[in-house]
Structure formats: structure tokens, C-alpha cells
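Undergrad: Okay, so here is coords-v3.txt, and as you'll see once you scroll down, it has compact mmCIF, C-alpha atoms (C1' of nucleotides).
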# COMPACT_ATOMS: atom_id res chain seq x y z
CA MET A 17 -7.36 31.08 -4.25
CA LEU A 18 -4.20 32.31 -2.64
CA LYS A 19 -1.69 34.16 -4.73
CA ASN A 20 2.01 33.66 -5.01
CA ALA A 21 2.66 36.82 -3.03
CA GLU A 22 0.82 35.41 -0.06
CA PHE A 23 2.72 32.15 -0.15
CA THR A 24 5.92 34.12 -0.54
CA ASP A 25 5.18 36.07 2.62
CA LYS A 26 4.16 33.03 4.54
CA LEU A 27 7.28 31.15 3.59
CA ARG A 28 9.57 34.05 4.30
CA SER A 29 7.95 34.73 7.64
CA SER A 30 8.64 31.18 8.69
CA GLY A 31 12.24 31.33 7.63
CA LEU A 32 11.90 29.40 4.40
CA ARG A 33 13.12 30.97 1.22
CA PRO A 34 10.31 31.29 -1.27
CA THR A 35 11.82 29.39 -4.14
CA LYS A 36 10.11 28.57 -7.41
CA GLN A 37 9.71 24.95 -6.34
CA ARG A 38 8.28 25.72 -2.94
CA LEU A 39 5.77 28.13 -4.38
CA LYS A 40 4.60 25.56 -6.87
CA ILE A 41 4.25 22.98 -4.14
CA CYS A 42 2.24 25.48 -2.09
CA GLU A 43 -0.07 25.97 -5.02
CA VAL A 44 -0.70 22.27 -5.34
CA LEU A 45 -1.09 21.71 -1.62
CA PHE A 46 -2.94 24.72 -0.38
CA ASN A 47 -4.95 26.08 -3.29
CA ARG A 48 -7.81 23.71 -2.82
CA ASP A 49 -11.11 23.63 -1.03
CA ASN A 50 -10.76 20.34 0.76
CA THR A 51 -8.19 18.74 2.92
CA PHE A 52 -5.62 16.93 0.88
CA HIS A 53 -4.33 13.56 2.04
CA PHE A 54 -1.34 12.42 0.11
CA THR A 55 1.80 10.39 0.01
CA ILE A 56 4.96 12.04 -1.24
CA ASN A 57 4.65 10.07 -4.43
CA ASP A 58 1.08 11.24 -4.94
CA LEU A 59 2.26 14.77 -4.53
CA ALA A 60 5.14 14.41 -6.96
CA LYS A 61 2.80 12.93 -9.56
CA ASN A 62 0.25 15.65 -8.90
CA ILE A 63 2.82 18.33 -9.43
CA SER A 64 3.97 17.06 -12.77
CA LYS A 65 0.36 16.55 -13.88
CA VAL A 66 -1.17 19.80 -12.68
CA LEU A 67 1.76 22.08 -13.25
CA ASN A 68 3.19 20.27 -16.22
CA GLU A 69 6.57 20.66 -14.65
CA ARG A 70 8.91 18.36 -12.88
CA ILE A 71 10.35 18.96 -9.46
CA SER A 72 13.04 16.64 -8.23
CA LEU A 73 11.69 14.00 -5.89
CA ALA A 74 14.37 14.93 -3.36
CA THR A 75 13.01 18.46 -3.33
CA VAL A 76 9.49 17.24 -2.80
CA TYR A 77 10.71 15.24 0.18
CA ASN A 78 12.69 18.18 1.51
CA THR A 79 9.82 20.57 1.10
CA VAL A 80 7.20 18.35 2.64
CA HIS A 81 9.40 17.78 5.63
CA ALA A 82 10.18 21.46 5.93
CA PHE A 83 6.47 22.26 5.79
CA LYS A 84 5.77 19.61 8.35
CA LYS A 85 8.40 21.03 10.67
CA LYS A 86 6.83 24.46 10.33
CA GLY A 87 3.41 23.04 11.09
CA TYR A 88 1.85 23.47 7.66
CA LEU A 89 1.48 19.76 7.18
CA LYS A 90 0.86 16.87 9.47
CA GLU A 91 2.05 13.34 9.05
CA ILE A 92 -0.32 10.47 9.61
CA SER A 93 0.62 6.83 9.91
CA ILE A 94 -2.09 4.35 9.16
CA ASN A 95 -0.23 1.46 7.76
CA SER A 96 3.40 0.76 7.61
CA ASP A 97 3.88 0.83 3.90
CA LYS A 98 2.77 4.36 3.31
CA SER A 99 3.18 7.65 5.06
CA TYR A 100 0.35 10.09 4.53
CA PHE A 101 0.46 13.82 4.93
CA ASP A 102 -2.49 15.99 5.70
CA THR A 103 -3.05 19.64 4.92
CA ASN A 104 -5.43 19.78 7.86
CA THR A 105 -3.05 20.35 10.74
CA THR A 106 -5.63 20.78 13.44
CA ASN A 107 -6.13 18.01 15.95
CA HIS A 108 -8.73 15.81 14.32
CA HIS A 109 -9.75 12.22 13.84
CA HIS A 110 -9.83 9.96 10.84
CA PHE A 111 -11.66 7.21 9.14
CA PHE A 112 -9.52 4.86 7.14
CA ASP A 113 -11.24 2.87 4.44
CA GLU A 114 -9.46 -0.44 4.27
CA ASP A 115 -11.05 -1.30 0.93
CA THR A 116 -9.67 1.68 -0.90
CA ASN A 117 -6.84 2.77 1.42
CA GLU A 118 -8.50 6.13 1.58
CA LEU A 119 -8.07 8.40 4.55
CA ILE A 120 -11.06 10.53 5.44
CA ASP A 121 -11.18 13.44 7.86
CA CYS A 122 -13.72 13.18 10.60
CA ASP A 123 -16.00 16.15 10.81
CA ASP A 124 -16.23 17.89 14.14
CA GLY A 125 -18.73 16.33 16.46
CA ILE A 126 -18.67 12.90 14.86
CA ILE A 127 -16.21 11.65 17.41
CA GLU A 128 -15.66 13.23 20.78
CA THR A 129 -12.01 13.46 21.70
CA PRO A 130 -11.62 10.95 24.50
CA LYS A 131 -10.56 11.99 27.97
CA ILE A 132 -7.29 10.59 29.21
CA LYS A 133 -7.82 9.71 32.85
CA LYS A 134 -4.23 9.00 33.70
CA ASN A 135 -1.15 10.06 31.80
CA ILE A 136 2.36 8.65 31.82
CA SER A 137 4.08 10.41 34.71
CA GLY A 138 6.39 13.25 33.83
CA LYS A 139 5.09 13.49 30.30
CA LYS A 140 2.96 15.99 28.50
CA ILE A 141 0.22 14.97 26.11
CA ASN A 142 1.00 16.23 22.65
CA SER A 143 -1.95 14.78 20.80
CA VAL A 144 -4.92 12.49 21.16
CA GLU A 145 -6.19 11.07 17.95
CA VAL A 146 -8.73 8.47 17.02
CA LEU A 147 -8.49 6.25 14.00
CA VAL A 148 -11.58 4.37 12.87
CA LYS A 149 -10.92 1.61 10.40
CA VAL A 150 -13.85 0.70 8.20
CA ALA A 151 -14.48 -1.71 5.37
CA THR A 152 -17.43 -3.07 3.44
CA ASP A 153 -19.42 -5.52 5.44
CA ASN A 154 -18.77 -8.67 3.44
CA GLN A 155 -15.04 -8.01 3.28
CA ASN A 156 -12.80 -10.22 5.38
CA GLN A 157 -11.52 -7.85 7.98
CA LYS A 158 -8.02 -7.64 9.36
CA MET B 4 4.52 -20.89 30.52
CA LEU B 5 2.97 -22.58 27.55
CA LYS B 6 4.47 -25.76 26.27
CA ASN B 7 5.40 -26.72 22.77
CA ALA B 8 2.47 -29.12 22.58
CA GLU B 9 0.06 -26.29 23.18
CA PHE B 10 1.57 -24.13 20.51
CA THR B 11 1.57 -27.11 18.20
CA ASP B 12 -2.14 -27.59 18.68
CA LYS B 13 -2.90 -23.95 18.31
CA LEU B 14 -0.93 -23.69 15.10
CA ARG B 15 -2.38 -26.82 13.64
CA SER B 16 -5.89 -25.81 14.52
CA SER B 17 -5.47 -22.61 12.61
CA GLY B 18 -4.10 -24.33 9.57
CA LEU B 19 -0.45 -23.52 10.13
CA ARG B 20 2.04 -26.31 10.20
CA PRO B 21 3.85 -26.40 13.51
CA THR B 22 7.39 -26.18 12.27
CA LYS B 23 10.48 -25.88 14.39
CA GLN B 24 10.82 -22.21 13.48
CA ARG B 25 7.23 -21.32 14.20
CA LEU B 26 7.35 -23.00 17.56
CA LYS B 27 10.46 -21.10 18.51
CA ILE B 28 8.87 -17.85 17.42
CA CYS B 29 5.81 -18.70 19.49
CA GLU B 30 8.04 -19.23 22.50
CA VAL B 31 9.64 -15.85 22.10
CA LEU B 32 6.38 -14.05 21.40
CA PHE B 33 3.89 -15.66 23.69
CA ASN B 34 5.82 -17.06 26.64
CA ARG B 35 5.94 -13.80 28.51
CA ASP B 36 3.94 -11.99 31.11
CA ASN B 37 3.58 -8.64 29.41
CA THR B 38 2.48 -7.48 26.05
CA PHE B 39 5.35 -7.42 23.64
CA HIS B 40 5.71 -4.57 21.20
CA PHE B 41 8.28 -5.23 18.57
CA THR B 42 9.51 -4.60 15.09
CA ILE B 43 10.43 -7.56 12.95
CA ASN B 44 14.06 -6.71 13.43
CA ASP B 45 13.66 -6.64 17.20
CA LEU B 46 12.10 -10.04 17.02
CA ALA B 47 14.80 -11.50 14.82
CA LYS B 48 17.48 -10.19 17.19
CA ASN B 49 15.54 -11.47 20.17
CA ILE B 50 15.33 -14.93 18.68
CA SER B 51 19.02 -15.26 18.06
CA LYS B 52 19.78 -13.87 21.51
CA VAL B 53 17.27 -15.82 23.58
CA LEU B 54 17.31 -19.05 21.65
CA ASN B 55 20.90 -18.87 20.52
CA GLU B 56 19.73 -19.96 17.13
CA ARG B 57 19.24 -18.21 13.85
CA ILE B 58 16.02 -18.16 11.90
CA SER B 59 16.11 -16.69 8.45
CA LEU B 60 14.78 -13.14 8.37
CA ALA B 61 12.43 -14.12 5.56
CA THR B 62 10.91 -16.74 7.82
CA VAL B 63 10.46 -14.24 10.60
CA TYR B 64 8.61 -11.98 8.18
CA ASN B 65 6.51 -14.83 6.86
CA THR B 66 5.66 -16.07 10.30
CA VAL B 67 4.77 -12.70 11.73
CA HIS B 68 2.49 -12.03 8.80
CA ALA B 69 0.94 -15.46 9.06
CA PHE B 70 0.30 -14.89 12.77
CA LYS B 71 -1.15 -11.51 12.05
CA LYS B 72 -3.49 -12.96 9.46
CA LYS B 73 -4.66 -15.53 11.99
CA GLY B 74 -5.23 -12.83 14.57
CA TYR B 75 -2.42 -13.76 16.95
CA LEU B 76 -0.63 -10.50 16.35
CA LYS B 77 -1.73 -7.03 15.57
CA GLU B 78 0.13 -4.45 13.53
CA ILE B 79 0.39 -0.91 14.79
CA SER B 80 1.56 2.07 12.81
CA ILE B 81 2.75 5.00 14.81
CA ASN B 82 5.33 6.52 12.63
CA SER B 83 6.22 5.83 9.12
CA ASP B 84 9.69 4.46 9.60
CA LYS B 85 8.80 1.53 11.76
CA SER B 86 6.08 -1.04 11.86
CA TYR B 87 5.30 -2.38 15.29
CA PHE B 88 3.55 -5.59 16.14
CA ASP B 89 1.67 -6.23 19.31
CA THR B 90 0.95 -9.50 21.06
CA ASN B 91 -2.09 -7.88 22.63
CA THR B 92 -4.67 -8.35 19.91
CA THR B 93 -7.62 -7.00 21.81
CA ASN B 94 -9.00 -3.62 20.89
CA HIS B 95 -7.00 -1.26 23.03
CA HIS B 96 -5.39 2.13 23.04
CA HIS B 97 -1.81 3.28 23.17
CA PHE B 98 0.50 5.88 24.49
CA PHE B 99 3.46 6.62 22.30
CA ASP B 100 6.44 8.20 23.97
CA GLU B 101 8.02 10.46 21.41
CA ASP B 102 11.19 10.80 23.43
CA THR B 103 12.01 7.13 23.47
CA ASN B 104 9.85 5.84 20.60
CA GLU B 105 8.28 3.49 23.07
CA LEU B 106 4.79 2.19 22.59
CA ILE B 107 2.82 1.61 25.77
CA ASP B 108 -0.47 -0.23 26.14
CA CYS B 109 -3.22 1.71 27.77
CA ASP B 110 -4.76 -0.07 30.69
CA ASP B 111 -8.50 -0.58 30.61
CA GLY B 112 -10.42 2.37 31.91
CA ILE B 113 -7.71 4.95 31.26
CA ILE B 114 -9.33 5.93 27.99
CA GLU B 115 -12.92 5.33 27.14
CA THR B 116 -13.38 4.10 23.60
CA PRO B 117 -15.06 7.00 21.85
CA LYS B 118 -18.49 6.69 20.34
CA ILE B 119 -18.72 7.14 16.60
CA LYS B 120 -21.85 9.15 15.96
CA LYS B 121 -21.91 8.76 12.22
CA ASN B 122 -20.14 6.18 10.13
CA ILE B 123 -19.20 6.19 6.47
CA SER B 124 -22.27 4.84 4.71
CA GLY B 125 -22.17 1.24 3.59
CA LYS B 126 -19.15 0.47 5.72
CA LYS B 127 -18.63 -1.52 8.85
CA ILE B 128 -16.41 -0.32 11.67
CA ASN B 129 -13.55 -2.72 12.15
CA SER B 130 -11.71 -0.91 14.90
CA VAL B 131 -11.62 2.29 16.90
CA GLU B 132 -8.31 3.10 18.43
CA VAL B 133 -6.87 6.03 20.25
CA LEU B 134 -3.25 7.04 20.11
CA VAL B 135 -1.93 9.46 22.71
CA LYS B 136 1.42 10.96 21.88
CA VAL B 137 3.39 12.14 24.86
CA ALA B 138 6.80 13.66 25.44
CA THR B 139 8.69 15.36 28.23
CA ASP B 140 7.44 18.82 28.89
CA ASN B 141 10.46 20.80 27.82
CA GLN B 142 10.85 18.83 24.60
CA ASN B 143 9.95 20.61 21.38
CA GLN B 144 6.87 18.79 20.24
CA LYS B 145 5.95 17.78 16.74
C1' DT C 15 24.59 46.69 -8.17
C1' DC C 16 27.29 43.03 -7.25
C1' DA C 17 30.16 39.95 -4.66
C1' DA C 18 29.99 37.02 -0.75
C1' DT C 19 27.28 33.78 1.78
C1' DA C 20 23.90 31.00 3.15
C1' DG C 21 20.35 28.20 1.81
C1' DT C 22 18.19 25.14 -2.10
C1' DT C 23 17.80 22.04 -5.74
C1' DT C 24 19.20 18.24 -8.19
C1' DA C 25 20.61 13.65 -10.05
C1' DG C 26 22.18 9.92 -8.66
C1' DA C 27 24.20 6.92 -5.02
C1' DA C 28 23.38 4.81 -0.61
C1' DT C 29 20.53 2.75 2.84
C1' DA C 30 16.91 0.22 4.99
C1' DA C 31 12.82 -2.29 5.19
C1' DT C 32 10.28 -5.47 2.97
C1' DT C 33 8.91 -8.77 -0.63
C1' DA C 34 9.89 -12.07 -4.37
C1' DT C 35 12.29 -16.13 -6.20
C1' DA C 36 13.41 -20.60 -6.65
C1' DA C 37 15.93 -24.29 -4.78
C1' DT C 38 15.99 -27.25 -0.79
C1' DA C 39 13.89 -29.17 3.19
C1' DT C 40 10.09 -30.65 6.06
C1' DA C 41 5.42 -31.93 7.37
C1' DT C 42 1.19 -34.18 6.07
C1' DT C 43 -1.60 -37.45 3.59
C1' DA C 44 -3.09 -41.58 2.09
C1' DT D 1 6.76 -44.67 2.89
C1' DA D 2 5.84 -42.24 -1.48
C1' DA D 3 3.52 -38.39 -3.16
C1' DT D 4 2.04 -33.82 -2.14
C1' DA D 5 1.69 -29.65 -0.20
C1' DT D 6 3.70 -26.36 2.57
C1' DA D 7 7.84 -23.97 4.77
C1' DT D 8 12.42 -22.37 5.00
C1' DT D 9 16.32 -20.30 3.24
C1' DA D 10 19.82 -17.41 0.96
C1' DT D 11 19.89 -14.24 -2.11
C1' DA D 12 18.08 -11.02 -5.47
C1' DA D 13 14.74 -7.48 -6.36
C1' DT D 14 11.94 -3.78 -5.07
C1' DT D 15 10.47 0.31 -2.80
C1' DA D 16 10.56 4.20 0.03
C1' DT D 17 13.44 7.32 1.82
C1' DT D 18 17.77 9.73 2.93
C1' DC D 19 22.42 11.21 1.75
C1' DT D 20 25.92 13.53 -1.04
C1' DA D 21 28.16 16.86 -3.34
C1' DA D 22 28.01 19.79 -7.17
C1' DA D 23 25.41 23.44 -9.41
C1' DC D 24 22.20 26.97 -8.64
C1' DT D 25 19.46 30.79 -6.43
C1' DA D 26 18.07 34.05 -2.98
C1' DT D 27 19.56 37.23 0.40
C1' DT D 28 22.68 40.49 2.53
C1' DG D 29 25.20 44.37 2.90
C1' DA D 30 29.18 46.99 1.04
Please express the file's structure as C-alpha cells.

TA:
Amino acid sequence: MLKNAEFTDKLRSSGLRPTKQRLKICEVLFNRDNTFHFTINDLAKNISKVLNERISLATVYNTVHAFKKKGYLKEISINSDKSYFDTNTTNHHHFFDEDTNELIDCDDGIIETPKIKKNISGKKINSVEVLVKVATDNQNQK
Amino acid sequence: MLKNAEFTDKLRSSGLRPTKQRLKICEVLFNRDNTFHFTINDLAKNISKVLNERISLATVYNTVHAFKKKGYLKEISINSDKSYFDTNTTNHHHFFDEDTNELIDCDDGIIETPKIKKNISGKKINSVEVLVKVATDNQNQK
DNA sequence: TCAATAGTTTAGAATAATTATAATATATTA
DNA sequence: TAATATATTATAATTATTCTAAACTATTGA
């Protein structure tokens, strides 16, 4: 359980002012055992539920994007209608459960990161990620 | 170059009425050599340019979704702000050029489809796809 | 310590993408 | 060809996100 002081330092050291709102958002995002996959709306709801306090939606957007830019969050696009963020910023793979729209981190070793035998010329590979879409067997699949 | 009659048959055989609009959209989508990656807006613009005729945007949406449901198109989510569709409906991998926002099909053999060593229990794997994000070397990467 | 300033937050407006509505038109069926 | 089922359309509604500009807060340094 990280303390405010630690978040304060972390924010300041990355050039972000440690405001009340940002610290609260840190609490919600990073004071947890597991990876958190969320949409901005999820997060906003979570904040008002857990902290019993309202933070302007615009601020939640600003903060999430600031955190993403600093590398504390990662954005993941599975389907067009929702943008997910992930507190696990390491290069990793995902399962996406099409029944529940749930995004699940792949544990190390479950999927080997594939080798890219030929890259686009003049470009650098920034990431290689695998997305495995699953659903219950009887479901009509996309 | 497929002819109208062929599209007509194909549509009818999948339970879609071969309307004027759908046939025109088929022409634009499927009468080409290469895979076509597009957003719905791209497609709408393409139609009015190539065919010199306007199809209501709602119809373009309806049609694209109908085609997707029938498996003639595939939806691809790379980043949250845009939803791409792909006329290549086979299981395949992509490069995404972060400089130009261009989506590029991976030729067979460039990337081996990774093995999934352990699946979510009770679920069936519907797809396994790799996305390789690239950018020019000097670019600041995400 | 306090004023100046730079950076943040906020509500609400603006925008953009997509979906819904309901009237009109078209294709299919019998 | 009439009855019906399905599609198309313009427009309205919705939703997610970004913009704006005013009010507020943190930082700096005199």
C-alpha cells in the first residue's frame, strides 16, 4: 500500500504537480494487488464510489492521458467502442472475453512473443502484442 | 473484376437483398487487387468519389455491419479514435505505422501465429492476432 | 511570506463517431 | 400485382471525447 508521499514524489519527479485529484486517482489506480483494466468511465465511477468524492470527468481524462504519456498507464484497443487502459505497462499479451467484454492479462509463458521475420523498412518496432479473443463454445462467434 | 451478377448471388445466398446500394458498396470494396483497410468515413468518401453517387451514411454503416456479420469484412481496432475494417477476413497479423496511422497486412510467414499454451477454462479461442506497432527510429514512441 | 507565474481543475460547450427513428422506397413472395 | 418484409434515407439522439475559458492551486524566488 503506497502512501501519498510516494505518489507525490513520483508525480513530481515526472514533472506532474501532485494535486489532490491526481493523488486520489493514483490511489485508485495503483493501490491494488492486480492489474486494473478500465475505461475512463469505469475509473470515474470507481473514484466517486471508493473515495466518496467527485472529480470532474475532464480531469479524469486529463490525468489518465498525462499518466499514459509518462508511461504509468497503457492504452489498449480491443473494440472500437471502448478504450481500455491498463496499469500493467510492460509488454504483455491479452485474452479478451467476448462474452463479458473482459480483458485479461496473459501470464508470462502462456504465449511466446512471436518473432518478426521482416520489418517494414526504415521503421523501428515499438511493440509486438498478441490478442486472443475467446468466447463460450456455443456462442455464435464474430 | 467481379460482376454485379456475382455480387447479387453472393448477397442473396447470405440472406441479404441485393440492393442498388449494396451492389455499389461491393464494387468499391471487393473489386480491387489489394486488401482494403478503411474507416466508414473513408468508404463513404470513396463511394461518392469513385461512383460519383451518394449513398446515405446510415446505409454505409448498416451495410458495413451487415457485411461484417456475414464474414465479408473484419473489424480491426488499433487505436481508440478510429475503427478500421479489412476486406481480408482471414486470420492474419498487422503492422501499424504510428507515423502515418497506416495499417499494413502482414504477409504469410512474416510472423508465426503464436501458440497459446493455456486457455481460459470453458472458453473457445476465436482468434489469435498479432499487432506490431512501428515508427521511424527518431520518433518519440508511445 | 507573499506576489507573480505557470500549471490544473472545472463546468459546460463543442465535436465527432455512431446508432436510433420513423417515414418512404424497394425487393420478394405468393 | 398485391401484400409483406426488408432497406434506405434524412434527421434526431446518443455517446465518448476534446475544447474553452474562468477560477483555482502549486511552485518559485524576491

Undergrad: Can you move chain A onto chain B by a least-squares fit over all C-alpha atoms paired in order, then give me the moved copy as an mmCIF file with C-alpha atoms, in the coordinates of the input?

TA:
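Result file follows (out07.cif):
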data_model
loop_
_atom_site.group_PDB
_atom_site.id
_atom_site.type_symbol
_atom_site.label_atom_id
_atom_site.label_comp_id
_atom_site.auth_asym_id
_atom_site.auth_seq_id
_atom_site.Cartn_x
_atom_site.Cartn_y
_atom_site.Cartn_z
ATOM 1 C CA MET A 17 4.618 -20.918 30.568
ATOM 2 C CA LEU A 18 3.076 -22.635 27.607
ATOM 3 C CA LYS A 19 4.638 -25.793 26.313
ATOM 4 C CA ASN A 20 5.539 -26.744 22.806
ATOM 5 C CA ALA A 21 2.637 -29.168 22.640
ATOM 6 C CA GLU A 22 0.186 -26.368 23.228
ATOM 7 C CA PHE A 23 1.699 -24.183 20.549
ATOM 8 C CA THR A 24 1.735 -27.175 18.243
ATOM 9 C CA ASP A 25 -1.985 -27.680 18.734
ATOM 10 C CA LYS A 26 -2.769 -24.046 18.344
ATOM 11 C CA LEU A 27 -0.817 -23.774 15.137
ATOM 12 C CA ARG A 28 -2.249 -26.934 13.679
ATOM 13 C CA SER A 29 -5.779 -25.949 14.577
ATOM 14 C CA SER A 30 -5.362 -22.733 12.663
ATOM 15 C CA GLY A 31 -3.991 -24.460 9.623
ATOM 16 C CA LEU A 32 -0.348 -23.613 10.155
ATOM 17 C CA ARG A 33 2.161 -26.399 10.238
ATOM 18 C CA PRO A 34 3.991 -26.445 13.532
ATOM 19 C CA THR A 35 7.521 -26.169 12.272
ATOM 20 C CA LYS A 36 10.624 -25.832 14.404
ATOM 21 C CA GLN A 37 10.913 -22.163 13.476
ATOM 22 C CA ARG A 38 7.318 -21.306 14.209
ATOM 23 C CA LEU A 39 7.451 -22.989 17.575
ATOM 24 C CA LYS A 40 10.543 -21.057 18.516
ATOM 25 C CA ILE A 41 8.927 -17.822 17.443
ATOM 26 C CA CYS A 42 5.871 -18.701 19.536
ATOM 27 C CA GLU A 43 8.106 -19.208 22.521
ATOM 28 C CA VAL A 44 9.678 -15.809 22.115
ATOM 29 C CA LEU A 45 6.404 -14.045 21.425
ATOM 30 C CA PHE A 46 3.928 -15.678 23.710
ATOM 31 C CA ASN A 47 5.863 -17.055 26.663
ATOM 32 C CA ARG A 48 5.942 -13.804 28.519
ATOM 33 C CA ASP A 49 3.910 -12.023 31.127
ATOM 34 C CA ASN A 50 3.508 -8.693 29.425
ATOM 35 C CA THR A 51 2.421 -7.529 26.064
ATOM 36 C CA PHE A 52 5.285 -7.456 23.648
ATOM 37 C CA HIS A 53 5.610 -4.578 21.203
ATOM 38 C CA PHE A 54 8.179 -5.212 18.565
ATOM 39 C CA THR A 55 9.405 -4.556 15.093
ATOM 40 C CA ILE A 56 10.347 -7.513 12.938
ATOM 41 C CA ASN A 57 13.972 -6.629 13.422
ATOM 42 C CA ASP A 58 13.569 -6.557 17.191
ATOM 43 C CA LEU A 59 12.045 -9.973 17.016
ATOM 44 C CA ALA A 60 14.776 -11.410 14.824
ATOM 45 C CA LYS A 61 17.425 -10.063 17.190
ATOM 46 C CA ASN A 62 15.503 -11.368 20.180
ATOM 47 C CA ILE A 63 15.330 -14.809 18.696
ATOM 48 C CA SER A 64 19.018 -15.106 18.064
ATOM 49 C CA LYS A 65 19.780 -13.716 21.530
ATOM 50 C CA VAL A 66 17.292 -15.686 23.597
ATOM 51 C CA LEU A 67 17.348 -18.912 21.674
ATOM 52 C CA ASN A 68 20.927 -18.718 20.538
ATOM 53 C CA GLU A 69 19.757 -19.781 17.141
ATOM 54 C CA ARG A 70 19.258 -18.035 13.885
ATOM 55 C CA ILE A 71 16.064 -18.037 11.903
ATOM 56 C CA SER A 72 16.114 -16.561 8.446
ATOM 57 C CA LEU A 73 14.755 -13.038 8.377
ATOM 58 C CA ALA A 74 12.414 -14.039 5.554
ATOM 59 C CA THR A 75 10.925 -16.673 7.825
ATOM 60 C CA VAL A 76 10.445 -14.188 10.610
ATOM 61 C CA TYR A 77 8.581 -11.945 8.189
ATOM 62 C CA ASN A 78 6.524 -14.842 6.882
ATOM 63 C CA THR A 79 5.670 -16.067 10.330
ATOM 64 C CA VAL A 80 4.737 -12.709 11.750
ATOM 65 C CA HIS A 81 2.462 -12.074 8.830
ATOM 66 C CA ALA A 82 0.935 -15.515 9.095
ATOM 67 C CA PHE A 83 0.309 -14.954 12.799
ATOM 68 C CA LYS A 84 -1.168 -11.584 12.071
ATOM 69 C CA LYS A 85 -3.500 -13.066 9.487
ATOM 70 C CA LYS A 86 -4.638 -15.649 12.012
ATOM 71 C CA GLY A 87 -5.245 -12.953 14.592
ATOM 72 C CA TYR A 88 -2.433 -13.824 16.983
ATOM 73 C CA LEU A 89 -0.678 -10.556 16.372
ATOM 74 C CA LYS A 90 -1.808 -7.085 15.566
ATOM 75 C CA GLU A 91 0.020 -4.509 13.546
ATOM 76 C CA ILE A 92 0.260 -0.962 14.782
ATOM 77 C CA SER A 93 1.433 2.017 12.790
ATOM 78 C CA ILE A 94 2.696 4.942 14.767
ATOM 79 C CA ASN A 95 5.276 6.416 12.545
ATOM 80 C CA SER A 96 6.123 5.707 9.014
ATOM 81 C CA ASP A 97 9.578 4.349 9.478
ATOM 82 C CA LYS A 98 8.691 1.438 11.665
ATOM 83 C CA SER A 99 5.924 -1.086 11.814
ATOM 84 C CA TYR A 100 5.167 -2.406 15.268
ATOM 85 C CA PHE A 101 3.446 -5.623 16.145
ATOM 86 C CA ASP A 102 1.574 -6.267 19.321
ATOM 87 C CA THR A 103 0.887 -9.535 21.079
ATOM 88 C CA ASN A 104 -2.172 -7.925 22.622
ATOM 89 C CA THR A 105 -4.740 -8.396 19.890
ATOM 90 C CA THR A 106 -7.709 -7.044 21.759
ATOM 91 C CA ASN A 107 -9.071 -3.655 20.823
ATOM 92 C CA HIS A 108 -7.086 -1.284 22.990
ATOM 93 C CA HIS A 109 -5.455 2.107 23.016
ATOM 94 C CA HIS A 110 -1.871 3.224 23.158
ATOM 95 C CA PHE A 111 0.476 5.788 24.469
ATOM 96 C CA PHE A 112 3.447 6.503 22.287
ATOM 97 C CA ASP A 113 6.452 8.052 23.955
ATOM 98 C CA GLU A 114 8.042 10.300 21.391
ATOM 99 C CA ASP A 115 11.240 10.608 23.417
ATOM 100 C CA THR A 116 12.008 6.928 23.435
ATOM 101 C CA ASN A 117 9.821 5.668 20.570
ATOM 102 C CA GLU A 118 8.236 3.330 23.039
ATOM 103 C CA LEU A 119 4.720 2.072 22.583
ATOM 104 C CA ILE A 120 2.747 1.514 25.756
ATOM 105 C CA ASP A 121 -0.565 -0.283 26.126
ATOM 106 C CA CYS A 122 -3.313 1.677 27.750
ATOM 107 C CA ASP A 123 -4.878 -0.081 30.669
ATOM 108 C CA ASP A 124 -8.614 -0.528 30.586
ATOM 109 C CA GLY A 125 -10.494 2.440 31.899
ATOM 110 C CA ILE A 126 -7.755 4.968 31.238
ATOM 111 C CA ILE A 127 -9.342 5.979 27.986
ATOM 112 C CA GLU A 128 -12.960 5.410 27.125
ATOM 113 C CA THR A 129 -13.439 4.196 23.586
ATOM 114 C CA PRO A 130 -15.053 7.129 21.831
ATOM 115 C CA LYS A 131 -18.502 6.888 20.317
ATOM 116 C CA ILE A 132 -18.726 7.347 16.585
ATOM 117 C CA LYS A 133 -21.827 9.419 15.951
ATOM 118 C CA LYS A 134 -21.904 9.036 12.214
ATOM 119 C CA ASN A 135 -20.157 6.433 10.119
ATOM 120 C CA ILE A 136 -19.222 6.446 6.453
ATOM 121 C CA SER A 137 -22.318 5.158 4.674
ATOM 122 C CA GLY A 138 -22.259 1.562 3.561
ATOM 123 C CA LYS A 139 -19.253 0.737 5.681
ATOM 124 C CA LYS A 140 -18.774 -1.269 8.808
ATOM 125 C CA ILE A 141 -16.537 -0.124 11.626
ATOM 126 C CA ASN A 142 -13.711 -2.565 12.095
ATOM 127 C CA SER A 143 -11.841 -0.801 14.855
ATOM 128 C CA VAL A 144 -11.704 2.384 16.863
ATOM 129 C CA GLU A 145 -8.381 3.114 18.400
ATOM 130 C CA VAL A 146 -6.888 6.030 20.228
ATOM 131 C CA LEU A 147 -3.260 6.992 20.089
ATOM 132 C CA VAL A 148 -1.914 9.405 22.683
ATOM 133 C CA LYS A 149 1.457 10.863 21.867
ATOM 134 C CA VAL A 150 3.455 12.036 24.849
ATOM 135 C CA ALA A 151 6.869 13.532 25.416
ATOM 136 C CA THR A 152 8.779 15.192 28.221
ATOM 137 C CA ASP A 153 7.585 18.670 28.881
ATOM 138 C CA ASN A 154 10.664 20.620 27.850
ATOM 139 C CA GLN A 155 11.033 18.669 24.620
ATOM 140 C CA ASN A 156 10.185 20.470 21.404
ATOM 141 C CA GLN A 157 7.078 18.711 20.277
ATOM 142 C CA LYS A 158 6.164 17.707 16.762
#

Undergrad: What are the residues of chain C that have an atom within 9 Å of an atom of chain A, counting all atoms listed in the file, as a PDB file with C-alpha atoms (C1' of nucleotides), in the frame of the given file?

TA:
ATOM      1  C1'  DG C  21      20.350  28.200   1.810  1.00  0.00           C
ATOM      2  C1'  DT C  22      18.190  25.140  -2.100  1.00  0.00           C
ATOM      3  C1'  DT C  23      17.800  22.040  -5.740  1.00  0.00           C
ATOM      4  C1'  DT C  24      19.200  18.240  -8.190  1.00  0.00           C
ATOM      5  C1'  DA C  25      20.610  13.650 -10.050  1.00  0.00           C
TER       6       DA C  25
END

Undergrad: Closest to chain A among D:DA3, D:DA26, D:DA21, D:DA12, using all atoms listed in the file?

TA: D:DA26

Undergrad: What is the distance between atom CA of A:Thr105 and atom CA of A:Pro130, in Å to one decimal?

TA: 18.7 Å

Undergrad: List as a ChimeraX atom specification the protein and nucleic acid residues near D:DT28, meaning an atom at most 12 Å away when all atoms listed in the file are counted, but skip any in the same chain fewer than 4 places from it.

TA: /C:16-20

Undergrad: Taking into account all atoms listed in the file, which residue in the set B:Lys72, B:Asp12, B:Phe88, B:Asn104 is nearest to chain A?

TA: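 Answer, going by the shortest atom-to-atom distance: B:Lys72.
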